[in-house]
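Engineer: So that you have it, the file is structure.pdb, and it contains PDB, C-alpha atoms:
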ATOM      1  CA  MET A1396       0.000   0.000   0.000
ATOM      2  CA  LYS A1397       0.922   3.621  -0.525
ATOM      3  CA  LEU A1398      -0.230   5.576   2.514
ATOM      4  CA  VAL A1399      -0.664   9.326   2.124
ATOM      5  CA  THR A1400      -1.590  12.382   4.083
ATOM      6  CA  PHE A1401      -3.480  14.698   1.768
ATOM      7  CA  GLU A1402      -5.434  17.899   1.828
ATOM      8  CA  VAL A1403      -8.695  18.553   0.068
ATOM      9  CA  ALA A1404     -11.058  21.489   0.642
ATOM     10  CA  GLY A1405      -8.706  22.748   3.354
ATOM     11  CA  ARG A1406      -8.959  19.558   5.410
ATOM     12  CA  SER A1407      -6.066  17.196   6.138
ATOM     13  CA  ARG A1408      -6.888  13.502   5.766
ATOM     14  CA  VAL A1409      -5.226  10.085   5.562
ATOM     15  CA  GLY A1410      -5.641   7.903   2.503
ATOM     16  CA  VAL A1411      -4.492   4.993   0.370
ATOM     17  CA  VAL A1412      -3.420   5.450  -3.254
ATOM     18  CA  ARG A1413      -5.142   3.017  -5.621
ATOM     19  CA  ASP A1414      -4.947   3.181  -9.414
ATOM     20  CA  GLY A1415      -4.590   6.947  -9.555
ATOM     21  CA  TRP A1416      -7.172   7.588  -6.856
ATOM     22  CA  VAL A1417      -6.852   8.440  -3.167
ATOM     23  CA  VAL A1418      -9.297   6.579  -0.931
ATOM     24  CA  SER A1419      -9.747   8.137   2.499
ATOM     25  CA  VAL A1420      -9.081   6.093   5.647
ATOM     26  CA  ASP A1421     -11.042   6.578   8.853
ATOM     27  CA  VAL A1422      -8.239   7.822  11.129
ATOM     28  CA  PRO A1423      -7.458  11.399  12.211
ATOM     29  CA  ASP A1424      -3.791  11.345  11.151
ATOM     30  CA  MET A1425      -1.050   8.977   9.997
ATOM     31  CA  ARG A1426       0.573   8.557  13.382
ATOM     32  CA  THR A1427      -2.747   7.341  14.781
ATOM     33  CA  LEU A1428      -2.962   4.782  11.972
ATOM     34  CA  PHE A1429       0.352   3.263  13.080
ATOM     35  CA  GLU A1430      -0.512   3.531  16.770
ATOM     36  CA  LEU A1431      -3.629   1.444  16.067
ATOM     37  CA  GLY A1432      -1.351  -1.396  14.942
ATOM     38  CA  GLU A1433      -2.996  -4.148  12.913
ATOM     39  CA  GLU A1434      -6.374  -2.441  13.265
ATOM     40  CA  GLY A1435      -4.954   0.633  11.548
ATOM     41  CA  MET A1436      -3.486  -1.454   8.727
ATOM     42  CA  ARG A1437      -6.809  -3.280   8.349
ATOM     43  CA  ARG A1438      -8.623   0.052   7.987
ATOM     44  CA  ALA A1439      -6.133   1.076   5.313
ATOM     45  CA  ARG A1440      -6.384  -2.217   3.401
ATOM     46  CA  GLU A1441     -10.174  -2.185   3.515
ATOM     47  CA  ALA A1442     -10.598   1.571   3.013
ATOM     48  CA  SER A1443     -13.817   2.397   1.205
ATOM     49  CA  GLY A1444     -14.248   6.059   2.090
ATOM     50  CA  GLU A1445     -14.423   9.060  -0.201
ATOM     51  CA  ARG A1446     -12.381   8.826  -3.398
ATOM     52  CA  PHE A1447     -10.458  11.666  -4.991
ATOM     53  CA  PRO A1448      -8.336  11.761  -8.149
ATOM     54  CA  LEU A1449      -4.692  11.794  -7.068
ATOM     55  CA  GLU A1450      -3.987  14.861  -9.201
ATOM     56  CA  ALA A1451      -6.846  16.739  -7.498
ATOM     57  CA  VAL A1452      -5.469  16.550  -3.959
ATOM     58  CA  ARG A1453      -2.506  18.217  -2.314
ATOM     59  CA  LEU A1454      -0.116  15.701  -0.827
ATOM     60  CA  ARG A1455       1.392  16.696   2.513
ATOM     61  CA  ALA A1456       4.265  15.172   4.458
ATOM     62  CA  PRO A1457       2.948  11.631   4.995
ATOM     63  CA  ILE A1458       3.703  11.592   8.719
ATOM     64  CA  VAL A1459       4.932  13.856  11.507
ATOM     65  CA  PRO A1460       6.528  11.417  13.943
ATOM     66  CA  LYS A1461       6.907  11.688  17.676
ATOM     67  CA  LYS A1462      10.636  11.064  17.205
ATOM     68  CA  PHE A1463      12.774  11.338  14.059
ATOM     69  CA  PHE A1464      15.960   9.286  14.490
ATOM     70  CA  HIS A1465      18.524  10.762  12.133
ATOM     71  CA  THR A1466      21.285   8.211  11.521
ATOM     72  CA  ALA A1467      24.384   8.645   9.370
ATOM     73  CA  GLY A1468      27.609   6.912   8.402
ATOM     74  CA  ASN A1469      25.755   3.897   6.993
ATOM     75  CA  PHE A1470      27.159   4.233   3.451
ATOM     76  CA  ARG A1471      30.911   3.800   3.225
ATOM     77  CA  GLU A1472      30.975   5.653  -0.127
ATOM     78  CA  HIS A1473      29.792   8.861   1.589
ATOM     79  CA  ALA A1474      32.489   8.536   4.242
ATOM     80  CA  GLU A1475      35.110   7.972   1.546
ATOM     81  CA  GLU A1476      34.103  11.056  -0.458
ATOM     82  CA  GLY A1477      34.237  13.110   2.724
ATOM     83  CA  GLU A1478      37.728  11.851   3.461
ATOM     84  CA  LYS A1479      38.849  12.553  -0.104
ATOM     85  CA  SER A1480      37.582  16.132   0.108
ATOM     86  CA  GLN A1481      39.357  16.601   3.467
ATOM     87  CA  TRP A1482      36.103  17.430   5.237
ATOM     88  CA  VAL A1483      36.489  19.001   8.665
ATOM     89  CA  ALA A1484      35.769  15.699  10.460
ATOM     90  CA  PRO A1485      35.470  12.028   9.458
ATOM     91  CA  ILE A1486      32.052  10.537   8.824
ATOM     92  CA  LEU A1487      32.204   7.681  11.267
ATOM     93  CA  PRO A1488      29.792   4.750  11.581
ATOM     94  CA  TRP A1489      26.903   4.911  14.043
ATOM     95  CA  ILE A1490      26.148   8.620  13.994
ATOM     96  CA  VAL A1491      22.725   9.474  15.418
ATOM     97  CA  PHE A1492      20.848  12.578  16.501
ATOM     98  CA  PHE A1493      17.233  13.727  16.543
ATOM     99  CA  GLN A1494      15.761  15.716  13.681
ATOM    100  CA  ASN A1495      13.512  18.719  14.322
ATOM    101  CA  VAL A1496      10.050  17.435  13.346
ATOM    102  CA  ASP A1497       8.806  21.022  12.928
ATOM    103  CA  ALA A1498      11.161  21.304   9.939
ATOM    104  CA  ILE A1499       9.271  18.580   8.040
ATOM    105  CA  ILE A1500       7.706  19.545   4.723
ATOM    106  CA  GLY A1501       5.960  17.444   2.101
ATOM    107  CA  PRO A1502       6.128  16.944  -1.674
ATOM    108  CA  GLU A1503       6.015  20.170  -3.723
ATOM    109  CA  ASP A1504       6.432  22.267  -0.554
ATOM    110  CA  PRO A1505       9.189  24.878  -0.947
ATOM    111  CA  ILE A1506      12.581  24.664   0.703
ATOM    112  CA  ILE A1507      13.197  28.184   1.987
ATOM    113  CA  TYR A1508      16.767  29.373   1.471
ATOM    114  CA  PRO A1509      17.775  31.353   4.613
ATOM    115  CA  GLU A1510      20.491  33.381   2.915
ATOM    116  CA  HIS A1511      21.223  35.310   6.108
ATOM    117  CA  LEU A1512      22.290  32.013   7.735
ATOM    118  CA  THR A1513      23.996  30.021   4.972
ATOM    119  CA  ARG A1514      25.585  30.257   1.526
ATOM    120  CA  GLU A1515      26.217  26.529   1.236
ATOM    121  CA  LEU A1516      22.853  24.781   0.968
ATOM    122  CA  ASP A1517      23.261  21.084   0.193
ATOM    123  CA  TYR A1518      21.079  18.030  -0.487
ATOM    124  CA  GLU A1519      21.292  14.446   0.833
ATOM    125  CA  LEU A1520      19.097  11.680  -0.582
ATOM    126  CA  GLU A1521      18.112   9.120   2.066
ATOM    127  CA  LEU A1522      15.809   6.168   2.552
ATOM    128  CA  ALA A1523      13.876   6.321   5.811
ATOM    129  CA  VAL A1524      11.941   3.685   7.740
ATOM    130  CA  VAL A1525       8.632   4.270   9.500
ATOM    131  CA  ILE A1526       8.548   2.277  12.728
ATOM    132  CA  ARG A1527       5.477   0.039  12.973
ATOM    133  CA  LYS A1528       5.160  -0.444  16.734
ATOM    134  CA  SER A1529       6.596   0.530  20.087
ATOM    135  CA  GLY A1530       9.589  -1.351  21.424
ATOM    136  CA  LYS A1531      13.104  -1.180  22.810
ATOM    137  CA  HIS A1532      16.168  -3.329  23.528
ATOM    138  CA  PHE A1533      15.877  -5.844  20.675
ATOM    139  CA  GLY A1534      18.316  -7.397  18.222
ATOM    140  CA  PRO A1535      18.561  -7.435  14.413
ATOM    141  CA  GLU A1536      16.706 -10.743  14.217
ATOM    142  CA  GLU A1537      13.595  -8.995  15.614
ATOM    143  CA  ALA A1538      14.018  -5.690  13.788
ATOM    144  CA  TRP A1539      12.098  -6.531  10.597
ATOM    145  CA  ASP A1540       8.954  -6.793  12.689
ATOM    146  CA  TYR A1541       9.322  -3.077  13.503
ATOM    147  CA  VAL A1542       9.333  -1.917   9.867
ATOM    148  CA  GLY A1543       5.996  -0.328   9.001
ATOM    149  CA  GLY A1544       6.988   1.265   5.720
ATOM    150  CA  TYR A1545       9.523   3.224   3.700
ATOM    151  CA  VAL A1546       9.638   6.884   2.713
ATOM    152  CA  ILE A1547      12.040   9.253   0.932
ATOM    153  CA  PHE A1548      13.919  11.850   2.966
ATOM    154  CA  ASN A1549      15.992  14.736   1.585
ATOM    155  CA  ASP A1550      18.357  15.835   4.331
ATOM    156  CA  ILE A1551      18.882  19.510   3.493
ATOM    157  CA  THR A1552      22.063  20.795   5.142
ATOM    158  CA  ALA A1553      23.742  24.177   5.603
ATOM    159  CA  ARG A1554      27.356  23.076   5.142
ATOM    160  CA  ASP A1555      28.998  26.277   6.371
ATOM    161  CA  ILE A1556      27.058  25.995   9.628
ATOM    162  CA  GLN A1557      27.785  22.263   9.817
ATOM    163  CA  ARG A1558      31.510  22.844   9.324
ATOM    164  CA  ARG A1559      31.612  25.125  12.354
ATOM    165  CA  GLU A1560      29.373  22.844  14.422
ATOM    166  CA  MET A1561      31.569  19.836  13.667
ATOM    167  CA  GLU A1562      34.585  21.598  15.100
ATOM    168  CA  SER A1563      32.945  20.778  18.430
ATOM    169  CA  LYS A1564      31.992  17.297  17.104
ATOM    170  CA  VAL A1565      28.267  18.052  17.451
ATOM    171  CA  PHE A1566      25.858  19.144  14.720
ATOM    172  CA  THR A1567      22.113  19.662  14.699
ATOM    173  CA  PHE A1568      21.246  23.248  13.802
ATOM    174  CA  CYS A1569      22.661  22.904  10.269
ATOM    175  CA  LYS A1570      20.071  20.232   9.426
ATOM    176  CA  SER A1571      17.121  21.402  11.524
ATOM    177  CA  ILE A1572      16.263  24.829  10.136
ATOM    178  CA  ASP A1573      12.672  25.376   9.018
ATOM    179  CA  THR A1574      11.800  23.464   5.776
ATOM    180  CA  PHE A1575      15.095  21.503   5.825
ATOM    181  CA  CYS A1576      13.303  18.139   6.159
ATOM    182  CA  PRO A1577      11.407  17.192   2.968
ATOM    183  CA  LEU A1578       9.636  13.844   3.472
ATOM    184  CA  GLY A1579       7.396  11.916   1.095
ATOM    185  CA  PRO A1580       5.675  11.542  -1.232
ATOM    186  CA  TRP A1581       4.028   8.678   0.662
ATOM    187  CA  ILE A1582       4.786   5.712   2.897
ATOM    188  CA  VAL A1583       5.128   2.426   1.023
ATOM    189  CA  THR A1584       4.375  -0.647   3.134
ATOM    190  CA  PRO A1585       6.924  -3.508   3.253
ATOM    191  CA  ASP A1586       4.811  -5.883   1.157
ATOM    192  CA  GLU A1587       5.540  -3.652  -1.871
ATOM    193  CA  ILE A1588       9.305  -3.535  -1.208
ATOM    194  CA  PRO A1589      10.506  -7.168  -1.358
ATOM    195  CA  ASP A1590      14.195  -6.250  -0.961
ATOM    196  CA  PRO A1591      14.912  -2.832   0.589
ATOM    197  CA  HIS A1592      18.634  -3.618   0.312
ATOM    198  CA  ASN A1593      18.487  -3.416  -3.480
ATOM    199  CA  LEU A1594      16.771  -0.141  -4.409
ATOM    200  CA  ARG A1595      18.134   2.351  -6.923
ATOM    201  CA  MET A1596      18.598   5.854  -5.522
ATOM    202  CA  GLU A1597      18.923   9.044  -7.568
ATOM    203  CA  LEU A1598      18.790  12.737  -6.759
ATOM    204  CA  ARG A1599      18.482  15.359  -9.497
ATOM    205  CA  VAL A1600      18.760  19.133  -9.429
ATOM    206  CA  ASN A1601      17.072  20.810 -12.403
ATOM    207  CA  GLY A1602      17.121  17.432 -14.138
ATOM    208  CA  GLN A1603      20.873  16.941 -13.653
ATOM    209  CA  VAL A1604      21.839  13.789 -11.744
ATOM    210  CA  ARG A1605      23.793  14.652  -8.592
ATOM    211  CA  GLN A1606      23.534  11.422  -6.597
ATOM    212  CA  SER A1607      23.177   7.930  -8.054
ATOM    213  CA  SER A1608      23.600   4.810  -5.962
ATOM    214  CA  SER A1609      21.752   1.885  -4.393
ATOM    215  CA  THR A1610      20.737   0.730  -0.948
ATOM    216  CA  SER A1611      22.853  -2.358  -1.722
ATOM    217  CA  ARG A1612      25.890  -0.193  -0.927
ATOM    218  CA  MET A1613      25.053   0.171   2.743
ATOM    219  CA  TRP A1614      27.895  -1.284   4.799
ATOM    220  CA  VAL A1615      25.391  -2.311   7.497
ATOM    221  CA  THR A1616      21.895  -3.730   7.134
ATOM    222  CA  ILE A1617      18.603  -2.034   7.882
ATOM    223  CA  PRO A1618      17.803  -4.453  10.757
ATOM    224  CA  GLN A1619      21.229  -3.741  12.273
ATOM    225  CA  VAL A1620      20.593   0.005  12.231
ATOM    226  CA  ILE A1621      17.090  -0.305  13.704
ATOM    227  CA  ALA A1622      18.288  -2.654  16.436
ATOM    228  CA  HIS A1623      21.363  -0.564  17.225
ATOM    229  CA  TYR A1624      19.272   2.424  18.277
ATOM    230  CA  SER A1625      16.471   0.458  19.947
ATOM    231  CA  PRO A1626      17.818   1.201  23.462
ATOM    232  CA  MET A1627      16.444   4.743  22.995
ATOM    233  CA  GLY A1628      12.973   3.268  22.561
ATOM    234  CA  TYR A1629      10.661   3.472  19.550
ATOM    235  CA  SER A1630       7.051   4.606  19.340
ATOM    236  CA  ALA A1631       4.661   3.555  16.587
ATOM    237  CA  GLY A1632       5.035   6.027  13.728
ATOM    238  CA  ASP A1633       8.576   7.117  14.544
ATOM    239  CA  VAL A1634      10.870   7.712  11.563
ATOM    240  CA  LEU A1635      14.475   6.525  11.242
ATOM    241  CA  SER A1636      16.655   7.746   8.371
ATOM    242  CA  LEU A1637      19.396   5.552   6.917
ATOM    243  CA  GLY A1638      22.050   8.011   5.751
ATOM    244  CA  THR A1639      23.017   9.426   2.394
ATOM    245  CA  VAL A1640      25.104   8.220  -0.536
ATOM    246  CA  SER A1641      27.976   9.851  -2.412
ATOM    247  CA  GLY A1642      27.513  12.871  -4.656
ATOM    248  CA  VAL A1643      26.705  15.676  -2.214
ATOM    249  CA  ALA A1644      27.775  19.167  -3.263
ATOM    250  CA  ALA A1645      30.114  19.773  -0.329
ATOM    251  CA  PHE A1646      32.486  16.963  -1.290
ATOM    252  CA  ARG A1647      32.915  17.902  -4.966
ATOM    253  CA  GLU A1648      35.956  19.642  -6.405
ATOM    254  CA  ASP A1649      33.942  22.842  -6.947
ATOM    255  CA  PRO A1650      31.214  22.796  -4.271
ATOM    256  CA  GLN A1651      29.978  26.308  -5.025
ATOM    257  CA  ALA A1652      28.913  25.175  -8.485
ATOM    258  CA  TYR A1653      26.675  22.503  -6.951
ATOM    259  CA  TYR A1654      25.163  24.063  -3.832
ATOM    260  CA  LEU A1655      21.426  24.710  -4.063
ATOM    261  CA  LYS A1656      20.122  28.177  -4.876
ATOM    262  CA  PRO A1657      16.682  29.778  -5.191
ATOM    263  CA  GLY A1658      14.886  28.531  -8.283
ATOM    264  CA  ASP A1659      16.426  25.046  -8.182
ATOM    265  CA  VAL A1660      14.093  22.054  -8.356
ATOM    266  CA  VAL A1661      15.248  19.000  -6.418
ATOM    267  CA  GLU A1662      13.899  15.538  -7.227
ATOM    268  CA  ALA A1663      14.776  12.735  -4.823
ATOM    269  CA  GLU A1664      13.885   9.314  -6.201
ATOM    270  CA  ILE A1665      14.067   5.817  -4.744
ATOM    271  CA  GLU A1666      13.009   2.734  -6.687
ATOM    272  CA  GLY A1667       9.702   1.282  -5.556
ATOM    273  CA  ILE A1668       8.770   4.394  -3.603
ATOM    274  CA  GLY A1669       8.568   7.311  -6.022
ATOM    275  CA  VAL A1670       9.822  10.864  -6.406
ATOM    276  CA  LEU A1671       9.945  13.579  -3.753
ATOM    277  CA  ARG A1672      10.038  16.941  -5.537
ATOM    278  CA  ASN A1673      10.703  20.332  -3.929
ATOM    279  CA  ARG A1674      11.652  23.774  -5.216
ATOM    280  CA  VAL A1675      14.114  26.058  -3.471
ATOM    281  CA  ILE A1676      12.811  29.588  -2.949
ATOM    282  CA  SER A1677      14.367  32.753  -1.557
ATOM    283  CA  TRP A1678      13.534  34.362   1.764
ATOM    284  CA  GLN A1679      12.007  37.250  -0.181
ATOM    285  CA  GLU A1680       9.676  34.915  -2.102
ATOM    286  CA  ALA A1681       8.684  33.051   1.048
ATOM    287  CA  TYR A1682       8.005  36.025   3.301
ATOM    288  CA  GLY A1683       7.650  39.030   0.994
ATOM    289  CA  ARG A1684      10.542  40.877   2.586
ATOM    290  CA  PRO A1685      14.346  40.823   2.414
ATOM    291  CA  ALA A1686      16.238  38.368   4.591
ATOM    292  CA  PRO A1687      17.457  39.653   7.980
ATOM    293  CA  PRO A1688      21.068  40.789   8.360
ATOM    294  CA  PRO A1689      23.617  37.951   8.021
ATOM    295  CA  VAL A1690      24.302  35.860  11.108
ATOM    296  CA  ARG A1691      27.490  33.876  11.572
ATOM    297  CA  TRP A1692      26.949  30.664  13.491
TER     298      TRP A1692
END
Using structure tokens, write down the structure from this file.

Structural biologist:
Amino acid sequence: MKLVTFEVAGRSRVGVVRDGWVVSVDVPDMRTLFELGEEGMRRAREASGERFPLEAVRLRAPIVPKKFFHTAGNFREHAEEGEKSQWVAPILPWIVFFQNVDAIIGPEDPIIYPEHLTRELDYELELAVVIRKSGKHFGPEEAWDYVGGYVIFNDITARDIQRREMESKVFTFCKSIDTFCPLGPWIVTPDEIPDPHNLRMELRVNGQVRQSSSTSRMWVTIPQVIAHYSPMGYSAGDVLSLGTVSGVAAFREDPQAYYLKPGDVVEAEIEGIGVLRNRVISWQEAYGRPAPPPVRW
């Protein structure tokens, strides 16, 4: 199933995509659907509510989780490109921090370029897992049972801020600014993804391929990552990202030629899931006024 959060006539609803139509599901929001467990999945499978043409609704971020586990260092190729570019710090395995859920936006929502904060806006294509049920302290052999679905995540990052944050070996602000967390376009349930370790990944900016890889290049497995962070405790509907692949702007020979700028259209695509598309807009376009004076973080 493809599970969506959508808006029609100013009302946010949950639905299932079927043959170009969205069929509404009787739950107030997506997190509730996962919290209901098998009952929620049954309602989705058997949904027979109002139907809307997919092109007639506005898709929103499919879920706003209670916790967003942001993991990194899971693709060796990303660590290697960072080392080659002499990045300020190594990208080590088992990096984790919490994402700001208020920064989440959905498909076609604009990424607002805060030019008073950064001049190095970057992209990071990632696969993310939606956690199916609550649990903690379990091993990889149990982890598959916690996978409720898969979704695309574009980890927008202000590299100049990150570079300074990483001097203290801690970074969060650079990835948590408003609109820096595009998520979507929908959640695809595991029955439609027979092998999540073999999915093509591609990110394009204005149609130009910037990242091209596969989940087969992870140096750890998805169950290992989920289990590794289980001591923090999961809630149904939590989201866990799985790190990015090579090709980010910051690690290229001429980063300034690849950083995002207002007017750019970013398409993040993962096989079996779909395309998450967002446009970058200026502060002026977003708020109708010039950006505040520059701030150095």

Engineer: List the residues matched by the PyMOL selection byres ((chain A and resi 1592-1601) around 8) in the displayed structure as a VMD selection string, ordered by chain and then by residue number.

Structural biologist: chain A and resid 1520 1590 to 1591 1602 to 1611 1613 1616 to 1617 1659 to 1667

Engineer: Please determine, counting all atoms listed in the file, which residue among A:Lys1479, A:Arg1471, A:Arg1437, A:Arg1527 has the shortest atom-to-atom distance to Gly1544 of chain A.

Structural biologist: A:Arg1527

Engineer: For Phe1575 of chain A, please output as a PyMOL selection string all residues within 10 Å (counting only C-alpha atoms; exclusion window: fewer than 3 positions along the same chain).

Structural biologist: chain A and resi 1494-1500+1505-1508+1516-1518+1549-1553+1569-1572+1578

Engineer: Point out the residue among A:Leu1398, A:Val1620, A:Ala1631, A:Val1422 with the least atom-to-atom distance to Lys1528 of chain A, counting only C-alpha atoms.

Structural biologist: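 Once distances to Lys1528 of chain A are computed over only C-alpha atoms, the minimum belongs to A:Ala1631.
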
Engineer: Using all atoms listed in the file, which of A:Glu1430, A:Glu1515, A:Asp1633, A:Glu1536 sits nearest Pro1657 of chain A?

Structural biologist: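 That would be A:Glu1515, the residue with the smallest distance to Pro1657 of chain A.
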
Engineer: If we count only C-alpha atoms, what is near Ser1641 of chain A at a cut-off of 7 Å, once residues fewer than 4 positions away on the same chain are taken out, given as a ChimeraX atom specification?

Structural biologist: /A:1472-1473,1476,1606

Engineer: Please compute the atom CA of Cys1576 of chain A-atom CA of Pro1488 of chain A distance, one decimal, in Å.

Structural biologist: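 Taking atom CA of Cys1576 of chain A and atom CA of Pro1488 of chain A, their separation equals 21.9 Å.
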
Engineer: Taking the file as I've supplied it (selection: the PyMOL selection byres ((chain A and resi 1418) around 12)), which residues are included? Please answer as a VMD selection string.

Structural biologist: chain A and resid 1396 to 1401 1408 to 1417 1419 to 1421 1438 to 1449 1452

Engineer: Which polymer residues have any atom within 12 Å of an atom of Pro1650 of chain A, counting only C-alpha atoms, with same-chain residues fewer than 4 positions away left out, as a VMD selection string?

Structural biologist: chain A and resid 1480 1482 1514 to 1518 1554 to 1555 1605 1642 to 1646 1654 to 1655

Engineer: Please, could you write that set of residues out with C-alpha atoms as a PDB file, keeping the file's coordinate frame?

Structural biologist:
ATOM      1  CA  SER A1480      37.582  16.132   0.108  1.00  0.00           C
ATOM      2  CA  TRP A1482      36.103  17.430   5.237  1.00  0.00           C
ATOM      3  CA  ARG A1514      25.585  30.257   1.526  1.00  0.00           C
ATOM      4  CA  GLU A1515      26.217  26.529   1.236  1.00  0.00           C
ATOM      5  CA  LEU A1516      22.853  24.781   0.968  1.00  0.00           C
ATOM      6  CA  ASP A1517      23.261  21.084   0.193  1.00  0.00           C
ATOM      7  CA  TYR A1518      21.079  18.030  -0.487  1.00  0.00           C
ATOM      8  CA  ARG A1554      27.356  23.076   5.142  1.00  0.00           C
ATOM      9  CA  ASP A1555      28.998  26.277   6.371  1.00  0.00           C
ATOM     10  CA  ARG A1605      23.793  14.652  -8.592  1.00  0.00           C
ATOM     11  CA  GLY A1642      27.513  12.871  -4.656  1.00  0.00           C
ATOM     12  CA  VAL A1643      26.705  15.676  -2.214  1.00  0.00           C
ATOM     13  CA  ALA A1644      27.775  19.167  -3.263  1.00  0.00           C
ATOM     14  CA  ALA A1645      30.114  19.773  -0.329  1.00  0.00           C
ATOM     15  CA  PHE A1646      32.486  16.963  -1.290  1.00  0.00           C
ATOM     16  CA  TYR A1654      25.163  24.063  -3.832  1.00  0.00           C
ATOM     17  CA  LEU A1655      21.426  24.710  -4.063  1.00  0.00           C
TER      18      LEU A1655
END

Engineer: Starting from 6 Å padding per side, set up an axis-aligned box that covers all listed atoms of segment 1656-1672 of chain A and hand over centre and edge lengths in Å, one decimal, as lines of an AutoDock Vina configuration file.

Structural biologist:
center_x = 14.3
center_y = 15.5
center_z = -6.0
size_x = 23.6
size_y = 40.5
size_z = 16.8

Engineer: Could you tell me how far atom CA of Ala1474 of chain A lies from atom CA of Met1627 of chain A, in Å and to one decimal?

Structural biologist: 25.0 Å
